[in-house]
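What's in target.cif: mmCIF, C-alpha atoms
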```cif
data_run
#
loop_
_atom_site.group_PDB
_atom_site.id
_atom_site.type_symbol
_atom_site.label_atom_id
_atom_site.label_comp_id
_atom_site.auth_asym_id
_atom_site.auth_seq_id
_atom_site.Cartn_x
_atom_site.Cartn_y
_atom_site.Cartn_z
ATOM 1 C CA MET A 211 21.366 13.487 2.608
ATOM 2 C CA ARG A 212 24.818 13.337 4.223
ATOM 3 C CA THR A 213 25.736 9.736 4.990
ATOM 4 C CA MET A 214 27.831 8.580 7.938
ATOM 5 C CA ASP A 215 31.504 9.523 8.096
ATOM 6 C CA THR A 216 32.498 5.975 9.041
ATOM 7 C CA LYS A 217 32.072 2.842 6.932
ATOM 8 C CA TYR A 218 28.909 0.922 7.689
ATOM 9 C CA VAL A 219 26.548 -1.935 6.952
ATOM 10 C CA ALA A 220 22.865 -1.208 6.284
ATOM 11 C CA VAL A 221 20.255 -3.745 7.420
ATOM 12 C CA PHE A 222 16.734 -3.050 6.167
ATOM 13 C CA ASP A 223 13.177 -4.340 5.905
ATOM 14 C CA CYS A 224 10.060 -3.194 4.023
ATOM 15 C CA GLU A 225 6.443 -3.563 5.054
ATOM 16 C CA SER A 226 3.720 -3.684 2.390
ATOM 17 C CA ASP A 227 0.101 -2.576 2.174
ATOM 18 C CA SER A 228 -1.235 -5.977 1.058
ATOM 19 C CA GLY A 229 -0.433 -9.671 0.914
ATOM 20 C CA PHE A 230 -0.121 -12.009 -2.036
ATOM 21 C CA GLY A 231 -3.477 -13.561 -1.175
ATOM 22 C CA ASP A 232 -5.191 -10.190 -1.628
ATOM 23 C CA VAL A 233 -4.656 -10.235 -5.392
ATOM 24 C CA PHE A 234 -6.002 -13.205 -7.348
ATOM 25 C CA GLY A 235 -5.034 -14.485 -10.770
ATOM 26 C CA ARG A 236 -1.716 -12.654 -10.956
ATOM 27 C CA ALA A 237 1.861 -13.891 -10.857
ATOM 28 C CA ARG A 238 3.918 -13.123 -7.756
ATOM 29 C CA ASP A 239 6.319 -10.757 -9.535
ATOM 30 C CA GLU A 240 3.433 -8.865 -11.132
ATOM 31 C CA ILE A 241 1.769 -8.429 -7.745
ATOM 32 C CA ILE A 242 4.941 -6.915 -6.257
ATOM 33 C CA HIS A 243 5.612 -4.598 -9.184
ATOM 34 C CA ARG A 244 2.048 -3.476 -9.998
ATOM 35 C CA TYR A 245 -0.222 -3.921 -7.001
ATOM 36 C CA MET A 246 1.792 -3.812 -3.793
ATOM 37 C CA GLN A 247 3.370 -0.707 -2.322
ATOM 38 C CA PHE A 248 5.583 -0.272 0.682
ATOM 39 C CA THR A 249 4.128 1.409 3.756
ATOM 40 C CA CYS A 250 7.098 1.611 6.107
ATOM 41 C CA ILE A 251 10.799 0.891 5.659
ATOM 42 C CA CYS A 252 13.211 0.667 8.564
ATOM 43 C CA ALA A 253 16.979 0.383 8.540
ATOM 44 C CA LEU A 254 19.755 -0.177 11.026
ATOM 45 C CA VAL A 255 22.997 1.534 10.027
ATOM 46 C CA ILE A 256 25.804 -0.331 11.788
ATOM 47 C CA PRO A 257 29.363 1.048 11.959
ATOM 48 C CA ILE A 258 31.870 -1.494 10.688
ATOM 49 C CA ASP A 259 34.232 -0.611 13.532
ATOM 50 C CA ALA A 260 31.633 -1.902 15.979
ATOM 51 C CA ILE A 261 31.113 -5.128 14.017
ATOM 52 C CA GLN A 262 34.834 -5.836 13.839
ATOM 53 C CA SER A 263 35.432 -5.115 17.515
ATOM 54 C CA ARG A 264 35.162 -7.702 20.276
ATOM 55 C CA VAL A 265 32.089 -6.147 21.882
ATOM 56 C CA SER A 266 28.811 -8.024 22.330
ATOM 57 C CA THR A 267 25.998 -8.003 19.804
ATOM 58 C CA ASP A 268 23.972 -5.864 22.211
ATOM 59 C CA GLU A 269 26.744 -3.272 22.180
ATOM 60 C CA ILE A 270 26.972 -3.388 18.375
ATOM 61 C CA ILE A 271 23.234 -2.786 18.099
ATOM 62 C CA SER A 272 23.409 0.062 20.629
ATOM 63 C CA GLN A 273 26.031 1.844 18.479
ATOM 64 C CA SER A 274 23.816 1.625 15.386
ATOM 65 C CA LYS A 275 21.503 4.260 13.965
ATOM 66 C CA ARG A 276 17.804 3.437 13.497
ATOM 67 C CA MET A 277 15.966 5.082 10.611
ATOM 68 C CA THR A 278 12.422 4.967 9.215
ATOM 69 C CA TRP A 279 10.772 5.977 5.930
ATOM 70 C CA TRP A 280 7.053 6.267 5.173
ATOM 71 C CA ARG A 281 5.372 5.900 1.797
ATOM 72 C CA ASP A 282 3.405 9.125 2.139
ATOM 73 C CA VAL A 283 6.181 11.302 3.581
ATOM 74 C CA SER A 284 8.569 12.863 1.053
ATOM 75 C CA GLU A 285 11.831 14.364 2.207
ATOM 76 C CA SER A 286 11.480 17.453 -0.010
ATOM 77 C CA ASN A 287 9.206 18.804 -2.719
ATOM 78 C CA THR A 288 11.078 16.902 -5.419
ATOM 79 C CA ALA A 289 12.385 13.853 -3.592
ATOM 80 C CA THR A 290 10.794 10.422 -3.491
ATOM 81 C CA PRO A 291 9.966 9.063 -0.034
ATOM 82 C CA ILE A 292 13.154 6.986 0.031
ATOM 83 C CA ASP A 293 15.819 9.155 -1.604
ATOM 84 C CA SER A 294 17.904 9.151 1.574
ATOM 85 C CA LEU A 295 17.565 5.376 1.916
ATOM 86 C CA LEU A 296 19.017 4.939 -1.575
ATOM 87 C CA ASP A 297 21.837 7.325 -0.637
ATOM 88 C CA ILE A 298 22.574 5.112 2.367
ATOM 89 C CA PHE A 299 22.632 2.072 0.102
ATOM 90 C CA ASP A 300 25.075 3.871 -2.213
ATOM 91 C CA SER A 301 27.669 4.220 0.532
ATOM 92 C CA ALA A 302 27.047 1.008 2.475
ATOM 93 C CA GLU A 303 29.759 -1.635 2.269
ATOM 94 C CA VAL A 304 27.110 -4.356 2.533
ATOM 95 C CA ILE A 305 23.301 -4.231 2.438
ATOM 96 C CA VAL A 306 21.618 -6.911 4.547
ATOM 97 C CA GLY A 307 18.061 -8.238 4.452
ATOM 98 C CA PHE A 308 15.937 -11.355 4.777
ATOM 99 C CA ASN A 309 14.342 -12.357 1.448
ATOM 100 C CA CYS A 310 15.153 -8.847 0.242
ATOM 101 C CA LEU A 311 16.311 -9.852 -3.248
ATOM 102 C CA ALA A 312 12.957 -11.432 -4.065
ATOM 103 C CA PHE A 313 10.696 -9.054 -2.123
ATOM 104 C CA ASP A 314 12.054 -5.818 -0.643
ATOM 105 C CA PHE A 315 14.150 -4.682 -3.597
ATOM 106 C CA PRO A 316 11.445 -5.419 -6.210
ATOM 107 C CA LEU A 317 8.934 -3.619 -3.977
ATOM 108 C CA ILE A 318 10.950 -0.380 -4.086
ATOM 109 C CA ARG A 319 12.190 -0.785 -7.677
ATOM 110 C CA ARG A 320 9.812 1.976 -8.885
ATOM 111 C CA PHE A 321 11.823 4.568 -6.931
ATOM 112 C CA TYR A 322 15.041 3.890 -8.829
ATOM 113 C CA ALA A 323 15.588 6.186 -11.792
ATOM 114 C CA SER A 324 18.553 4.081 -12.893
ATOM 115 C CA GLN A 325 18.702 0.338 -13.503
ATOM 116 C CA THR A 326 22.452 0.546 -12.914
ATOM 117 C CA ARG A 327 21.962 1.926 -9.408
ATOM 118 C CA TYR A 328 19.371 -0.741 -8.639
ATOM 119 C CA LEU A 329 21.702 -3.534 -9.709
ATOM 120 C CA LYS A 330 24.673 -2.057 -7.827
ATOM 121 C CA HIS A 331 22.646 -2.176 -4.615
ATOM 122 C CA ARG A 332 21.520 -5.750 -5.248
ATOM 123 C CA CYS A 333 25.070 -6.830 -6.080
ATOM 124 C CA LYS A 334 26.363 -5.883 -2.622
ATOM 125 C CA CYS A 335 23.425 -7.446 -0.811
ATOM 126 C CA LEU A 336 23.642 -10.205 1.774
ATOM 127 C CA ASP A 337 20.229 -11.874 1.682
ATOM 128 C CA ILE A 338 20.337 -14.256 4.647
ATOM 129 C CA MET A 339 17.265 -16.225 3.615
ATOM 130 C CA THR A 340 18.610 -16.759 0.098
ATOM 131 C CA ARG A 341 22.046 -17.857 1.349
ATOM 132 C CA VAL A 342 20.495 -20.391 3.741
ATOM 133 C CA ARG A 343 18.108 -21.641 1.063
ATOM 134 C CA ASP A 344 20.924 -22.134 -1.421
ATOM 135 C CA VAL A 345 22.868 -24.469 0.893
ATOM 136 C CA THR A 346 19.913 -26.314 2.457
ATOM 137 C CA ASP A 347 17.636 -26.436 -0.592
ATOM 138 C CA ASP A 348 14.795 -25.378 1.712
ATOM 139 C CA TYR A 349 12.991 -22.173 2.689
ATOM 140 C CA TYR A 350 13.091 -21.104 6.339
ATOM 141 C CA LYS A 351 11.127 -18.285 7.878
ATOM 142 C CA LEU A 352 12.943 -15.737 10.001
ATOM 143 C CA ASP A 353 11.123 -16.854 13.156
ATOM 144 C CA LYS A 354 12.220 -20.479 12.659
ATOM 145 C CA LEU A 355 15.883 -19.477 12.432
ATOM 146 C CA LEU A 356 15.563 -17.154 15.426
ATOM 147 C CA ARG A 357 13.973 -19.845 17.603
ATOM 148 C CA ASP A 358 16.507 -22.483 16.592
ATOM 149 C CA ASN A 359 19.316 -20.130 17.581
ATOM 150 C CA GLU A 360 17.761 -19.061 20.896
ATOM 151 C CA LEU A 361 17.161 -15.483 19.824
ATOM 152 C CA SER A 362 14.086 -13.370 20.478
ATOM 153 C CA THR A 363 11.361 -13.880 17.885
ATOM 154 C CA LYS A 364 9.213 -11.521 15.829
ATOM 155 C CA ILE A 365 6.328 -9.597 17.398
ATOM 156 C CA GLY A 366 3.927 -10.402 14.551
ATOM 157 C CA ASP A 367 3.857 -11.284 10.872
ATOM 158 C CA GLY A 368 3.193 -9.619 7.537
ATOM 159 C CA SER A 369 -0.554 -9.515 8.145
ATOM 160 C CA THR A 370 0.075 -7.723 11.443
ATOM 161 C CA ALA A 371 1.963 -4.988 9.598
ATOM 162 C CA ILE A 372 -0.824 -4.616 7.017
ATOM 163 C CA THR A 373 -3.442 -4.244 9.752
ATOM 164 C CA LEU A 374 -1.380 -1.667 11.642
ATOM 165 C CA TRP A 375 -1.054 0.413 8.469
ATOM 166 C CA GLN A 376 -4.766 0.178 7.689
ATOM 167 C CA GLU A 377 -5.647 1.241 11.236
ATOM 168 C CA GLU A 378 -3.094 4.081 11.150
ATOM 169 C CA ARG A 379 -1.219 2.716 14.162
ATOM 170 C CA ARG A 380 2.106 4.036 12.941
ATOM 171 C CA ASP A 381 4.056 3.877 16.171
ATOM 172 C CA GLU A 382 3.283 0.174 16.440
ATOM 173 C CA LEU A 383 4.077 -0.424 12.768
ATOM 174 C CA GLN A 384 7.416 1.319 13.142
ATOM 175 C CA ALA A 385 8.209 -0.743 16.248
ATOM 176 C CA TYR A 386 7.284 -3.927 14.395
ATOM 177 C CA CYS A 387 9.466 -3.069 11.384
ATOM 178 C CA LEU A 388 12.434 -1.971 13.510
ATOM 179 C CA CYS A 389 12.161 -5.192 15.501
ATOM 180 C CA ASP A 390 12.407 -7.249 12.292
ATOM 181 C CA VAL A 391 15.479 -5.279 11.219
ATOM 182 C CA GLU A 392 17.228 -5.732 14.552
ATOM 183 C CA LEU A 393 16.441 -9.466 14.627
ATOM 184 C CA THR A 394 17.832 -9.851 11.102
ATOM 185 C CA ALA A 395 21.006 -8.067 12.193
ATOM 186 C CA ARG A 396 21.374 -10.282 15.256
ATOM 187 C CA LEU A 397 20.972 -13.383 13.101
ATOM 188 C CA GLY A 398 23.600 -12.145 10.654
ATOM 189 C CA LEU A 399 26.055 -11.425 13.488
ATOM 190 C CA LEU A 400 26.078 -15.033 14.715
ATOM 191 C CA ASN A 401 29.213 -17.110 14.182
ATOM 192 C CA GLU A 402 27.153 -20.200 13.371
ATOM 193 C CA LEU A 403 23.567 -20.815 12.386
ATOM 194 C CA HIS A 404 21.785 -23.887 13.761
ATOM 195 C CA ILE A 405 18.682 -25.339 12.131
ATOM 196 C CA ARG A 406 16.741 -28.098 13.857
ATOM 197 C CA ASP A 407 15.140 -30.666 11.587
ATOM 198 C CA LYS A 408 11.408 -30.704 12.347
ATOM 199 C CA HIS A 409 11.236 -34.399 11.475
ATOM 200 C CA SER A 410 14.119 -35.587 13.663
ATOM 201 C CA THR A 411 16.433 -34.576 16.495
ATOM 202 C CA LYS A 412 19.245 -33.656 14.122
ATOM 203 C CA THR A 413 20.628 -30.118 13.943
ATOM 204 C CA LEU A 414 22.260 -28.650 10.858
ATOM 205 C CA THR A 415 25.101 -26.181 11.494
ATOM 206 C CA ILE A 416 25.923 -23.513 8.901
ATOM 207 C CA THR A 417 29.092 -21.445 9.224
ATOM 208 C CA GLU A 418 29.108 -17.669 8.985
ATOM 209 C CA ASN A 419 30.857 -17.933 5.618
ATOM 210 C CA VAL A 420 27.429 -18.701 4.173
ATOM 211 C CA PHE A 421 25.178 -16.163 5.902
ATOM 212 C CA GLY A 422 27.269 -13.934 8.169
ATOM 213 C CA ILE A 423 27.741 -10.182 8.086
ATOM 214 C CA ARG A 424 31.387 -10.414 9.165
ATOM 215 C CA ALA A 425 32.139 -12.873 6.356
ATOM 216 C CA ALA A 426 30.459 -10.567 3.853
ATOM 217 C CA LEU A 427 32.641 -7.707 5.058
ATOM 218 C CA ARG A 428 35.783 -9.823 4.699
ATOM 219 C CA SER A 429 34.900 -10.510 1.074
ATOM 220 C CA VAL A 430 34.544 -6.755 0.470
ATOM 221 C CA THR A 431 38.087 -6.075 1.702
ATOM 222 C CA LEU A 432 39.763 -8.920 -0.223
#
```
Represent the structure contained in this file as structure tokens.
Amino acid sequence: MRTMDTKYVAVFDCESDSGFGDVFGRARDEIIHRYMQFTCICALVIPIDAIQSRVSTDEIISQSKRMTWWRDVSESNTATPIDSLLDIFDSAEVIVGFNCLAFDFPLIRRFYASQTRYLKHRCKCLDIMTRVRDVTDDYYKLDKLLRDNELSTKIGDGSTAITLWQEERRDELQAYCLCDVELTARLGLLNELHIRDKHSTKTLTITENVFGIRAALRSVTL
């Protein structure tokens, strides 16, 4: 696949065909590697020129390319279902996700022929959930961070995506996955991240140097 002529950031999200509660007596990593499979993967390919401009987040999103991959749709007779996604990752300046280092990447590990390629993609990844966890010592769901920062929230959860796949409602599954990707991008494009303490009225403010897409791009060009 021919990638974009301009430099870009790739934001992605994977949906799976089962949840951790569907497999009993197995460790989490074993479930991801042996029992789960992806159903749908969506990505937002965002030109760096748009990110570095002074336009609004809405305008940045509008200049981005939306893409979708399905588990049971190969791109040629010899290709895996996500060969072009891995090509996009090869050329991306930064790969962005939410809990992607612990979930999305391990879920698609079986499609990598090379451990070196897999690690190269992980090494240029901005995992927003992991960055926030590392500085707060707490896990926050995407919806919590979206609500606290007055952004639109998700249109379902992981179980919603599983049901849509099982019922072959692909248009809805694609819309759900693309929505998650766009929301992750919007979160990463904030200048500050605010987290309200559920036990008090205090709000924690995290600078973009921790979680932000622009900060990640600055580190690439240093």
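Minimum atom-to-atom distances from A:Arg236, A:Lys351, A:Arg424, A:Lys217 to Gly398 of chain A were compared using all atoms listed in the file, and the lowest value belongs to A:Arg424.
If all atoms listed in the file are the atoms counted, then among A:Leu355, A:Val304, A:Leu296, A:Cys252 the closest residue to Arg406 of chain A is A:Leu355.
Nearest-residue note for Thr326 of chain A: choosing from A:Asp282, A:Asp268, A:Asp300, A:Asp344, the minimum distance belongs to A:Asp300, counting all atoms listed in the file.
Picture a line from atom CA of Lys364 of chain A to atom CA of Asn401 of chain A; it runs 20.8 Å.
Between Val221 of chain A and the candidates A:Val265, A:Met246, A:Ala260, A:Ala253, the tightest atom-to-atom separation, counting all atoms listed in the file, involves A:Ala253.
Taking all atoms listed in the file into account, Asp381 of chain A lies nearest to A:Trp280 out of the set A:Tyr328, A:Phe308, A:Tyr245, A:Trp280.
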Which residue out of A:Leu388, A:Ala425, A:Ile365, A:Ile372 has the minimum interatomic distance to Asp353 of chain A when all atoms listed in the file are used?
A:Ile365
In Å to one decimal, how far is atom CA of Leu317 of chain A from atom CA of Asp215 of chain A?
28.8 Å
Which residues are near Trp279 of chain A? Cut-off 7 Å, only C-alpha atoms, ignore same chain within fewer than 3 positions. Put them as a PyMOL selection string.
chain A and resi 250-252+291-292
Please, could you write that set of residues out with C-alpha atoms as a PDB file, in the frame of the given file?
```
ATOM      1  CA  CYS A 250       7.098   1.611   6.107  1.00  0.00           C
ATOM      2  CA  ILE A 251      10.799   0.891   5.659  1.00  0.00           C
ATOM      3  CA  CYS A 252      13.211   0.667   8.564  1.00  0.00           C
ATOM      4  CA  PRO A 291       9.966   9.063  -0.034  1.00  0.00           C
ATOM      5  CA  ILE A 292      13.154   6.986   0.031  1.00  0.00           C
TER       6      ILE A 292
END
```
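Proximity to Arg341 of chain A at 9 Å, evaluated using all atoms listed in the file and with sequence-adjacent residues fewer than 4 positions away removed, yields Leu336, Asp337, Val345, Thr346, Val420 and Phe421 of chain A.
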Is it possible to add all heavy atoms to segment 217-228 of chain A and hand it back as a PDB file, in the frame of the given file?
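After the write, selection17.pdb holds the following:
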```
ATOM      1  N   LYS A 217      32.616   3.910   7.772  1.00  0.00           N
ATOM      2  CA  LYS A 217      32.072   2.842   6.932  1.00  0.00           C
ATOM      3  C   LYS A 217      31.014   2.065   7.708  1.00  0.00           C
ATOM      4  O   LYS A 217      31.115   1.909   8.928  1.00  0.00           O
ATOM      5  CB  LYS A 217      33.193   1.916   6.476  1.00  0.00           C
ATOM      6  CG  LYS A 217      34.165   2.566   5.506  1.00  0.00           C
ATOM      7  CD  LYS A 217      35.202   1.564   5.025  1.00  0.00           C
ATOM      8  CE  LYS A 217      36.140   2.202   3.994  1.00  0.00           C
ATOM      9  NZ  LYS A 217      37.142   1.225   3.500  1.00  0.00           N
ATOM     10  N   TYR A 218      30.036   1.553   6.989  1.00  0.00           N
ATOM     11  CA  TYR A 218      28.909   0.922   7.689  1.00  0.00           C
ATOM     12  C   TYR A 218      28.242  -0.155   6.847  1.00  0.00           C
ATOM     13  O   TYR A 218      28.436  -0.261   5.633  1.00  0.00           O
ATOM     14  CB  TYR A 218      27.874   1.975   8.086  1.00  0.00           C
ATOM     15  CG  TYR A 218      27.287   2.755   6.921  1.00  0.00           C
ATOM     16  CD1 TYR A 218      26.193   2.260   6.203  1.00  0.00           C
ATOM     17  CD2 TYR A 218      27.841   3.966   6.529  1.00  0.00           C
ATOM     18  CE1 TYR A 218      25.668   2.970   5.131  1.00  0.00           C
ATOM     19  CE2 TYR A 218      27.317   4.677   5.457  1.00  0.00           C
ATOM     20  CZ  TYR A 218      26.231   4.179   4.768  1.00  0.00           C
ATOM     21  OH  TYR A 218      25.721   4.878   3.706  1.00  0.00           O
ATOM     22  N   VAL A 219      27.442  -0.948   7.552  1.00  0.00           N
ATOM     23  CA  VAL A 219      26.548  -1.935   6.952  1.00  0.00           C
ATOM     24  C   VAL A 219      25.121  -1.447   7.170  1.00  0.00           C
ATOM     25  O   VAL A 219      24.787  -0.900   8.231  1.00  0.00           O
ATOM     26  CB  VAL A 219      26.734  -3.311   7.627  1.00  0.00           C
ATOM     27  CG1 VAL A 219      25.622  -4.281   7.227  1.00  0.00           C
ATOM     28  CG2 VAL A 219      28.094  -3.895   7.288  1.00  0.00           C
ATOM     29  N   ALA A 220      24.270  -1.605   6.168  1.00  0.00           N
ATOM     30  CA  ALA A 220      22.865  -1.208   6.284  1.00  0.00           C
ATOM     31  C   ALA A 220      21.979  -2.453   6.264  1.00  0.00           C
ATOM     32  O   ALA A 220      22.017  -3.231   5.305  1.00  0.00           O
ATOM     33  CB  ALA A 220      22.470  -0.278   5.143  1.00  0.00           C
ATOM     34  N   VAL A 221      21.225  -2.651   7.337  1.00  0.00           N
ATOM     35  CA  VAL A 221      20.255  -3.745   7.420  1.00  0.00           C
ATOM     36  C   VAL A 221      18.872  -3.123   7.272  1.00  0.00           C
ATOM     37  O   VAL A 221      18.571  -2.131   7.938  1.00  0.00           O
ATOM     38  CB  VAL A 221      20.357  -4.487   8.765  1.00  0.00           C
ATOM     39  CG1 VAL A 221      19.455  -5.729   8.772  1.00  0.00           C
ATOM     40  CG2 VAL A 221      21.798  -4.871   9.067  1.00  0.00           C
ATOM     41  N   PHE A 222      18.023  -3.699   6.391  1.00  0.00           N
ATOM     42  CA  PHE A 222      16.734  -3.050   6.167  1.00  0.00           C
ATOM     43  C   PHE A 222      15.608  -4.049   5.989  1.00  0.00           C
ATOM     44  O   PHE A 222      15.829  -5.240   5.756  1.00  0.00           O
ATOM     45  CB  PHE A 222      16.810  -2.110   4.958  1.00  0.00           C
ATOM     46  CG  PHE A 222      16.629  -2.784   3.615  1.00  0.00           C
ATOM     47  CD1 PHE A 222      15.492  -2.537   2.849  1.00  0.00           C
ATOM     48  CD2 PHE A 222      17.592  -3.655   3.111  1.00  0.00           C
ATOM     49  CE1 PHE A 222      15.319  -3.142   1.608  1.00  0.00           C
ATOM     50  CE2 PHE A 222      17.436  -4.256   1.861  1.00  0.00           C
ATOM     51  CZ  PHE A 222      16.289  -4.000   1.109  1.00  0.00           C
ATOM     52  N   ASP A 223      14.380  -3.529   6.097  1.00  0.00           N
ATOM     53  CA  ASP A 223      13.177  -4.340   5.905  1.00  0.00           C
ATOM     54  C   ASP A 223      12.044  -3.439   5.454  1.00  0.00           C
ATOM     55  O   ASP A 223      11.917  -2.303   5.926  1.00  0.00           O
ATOM     56  CB  ASP A 223      12.790  -5.051   7.208  1.00  0.00           C
ATOM     57  CG  ASP A 223      11.582  -5.951   7.036  1.00  0.00           C
ATOM     58  OD1 ASP A 223      11.618  -6.858   6.185  1.00  0.00           O
ATOM     59  OD2 ASP A 223      10.582  -5.741   7.746  1.00  0.00           O
ATOM     60  N   CYS A 224      11.226  -3.939   4.531  1.00  0.00           N
ATOM     61  CA  CYS A 224      10.060  -3.194   4.023  1.00  0.00           C
ATOM     62  C   CYS A 224       8.775  -3.870   4.471  1.00  0.00           C
ATOM     63  O   CYS A 224       8.669  -5.098   4.438  1.00  0.00           O
ATOM     64  CB  CYS A 224      10.065  -3.146   2.498  1.00  0.00           C
ATOM     65  SG  CYS A 224      11.491  -2.373   1.741  1.00  0.00           S
ATOM     66  N   GLU A 225       7.797  -3.058   4.833  1.00  0.00           N
ATOM     67  CA  GLU A 225       6.443  -3.563   5.054  1.00  0.00           C
ATOM     68  C   GLU A 225       5.577  -3.139   3.867  1.00  0.00           C
ATOM     69  O   GLU A 225       5.797  -2.080   3.270  1.00  0.00           O
ATOM     70  CB  GLU A 225       5.865  -3.016   6.358  1.00  0.00           C
ATOM     71  CG  GLU A 225       6.728  -3.270   7.587  1.00  0.00           C
ATOM     72  CD  GLU A 225       7.038  -4.733   7.817  1.00  0.00           C
ATOM     73  OE1 GLU A 225       6.258  -5.585   7.351  1.00  0.00           O
ATOM     74  OE2 GLU A 225       8.059  -5.033   8.463  1.00  0.00           O
ATOM     75  N   SER A 226       4.575  -3.960   3.547  1.00  0.00           N
ATOM     76  CA  SER A 226       3.720  -3.684   2.390  1.00  0.00           C
ATOM     77  C   SER A 226       2.274  -3.451   2.807  1.00  0.00           C
ATOM     78  O   SER A 226       1.874  -3.773   3.929  1.00  0.00           O
ATOM     79  CB  SER A 226       3.787  -4.840   1.393  1.00  0.00           C
ATOM     80  OG  SER A 226       3.248  -6.020   1.965  1.00  0.00           O
ATOM     81  N   ASP A 227       1.491  -2.912   1.871  1.00  0.00           N
ATOM     82  CA  ASP A 227       0.101  -2.576   2.174  1.00  0.00           C
ATOM     83  C   ASP A 227      -0.863  -3.712   1.869  1.00  0.00           C
ATOM     84  O   ASP A 227      -2.067  -3.579   2.081  1.00  0.00           O
ATOM     85  CB  ASP A 227      -0.325  -1.314   1.411  1.00  0.00           C
ATOM     86  CG  ASP A 227      -0.204  -1.471  -0.101  1.00  0.00           C
ATOM     87  OD1 ASP A 227       0.223  -2.551  -0.564  1.00  0.00           O
ATOM     88  OD2 ASP A 227      -0.511  -0.500  -0.816  1.00  0.00           O
ATOM     89  N   SER A 228      -0.370  -4.838   1.361  1.00  0.00           N
ATOM     90  CA  SER A 228      -1.235  -5.977   1.058  1.00  0.00           C
ATOM     91  C   SER A 228      -0.413  -7.244   1.005  1.00  0.00           C
ATOM     92  O   SER A 228       0.825  -7.197   0.934  1.00  0.00           O
ATOM     93  CB  SER A 228      -1.965  -5.762  -0.277  1.00  0.00           C
ATOM     94  OG  SER A 228      -1.038  -5.606  -1.335  1.00  0.00           O
TER      95      SER A 228
END
```
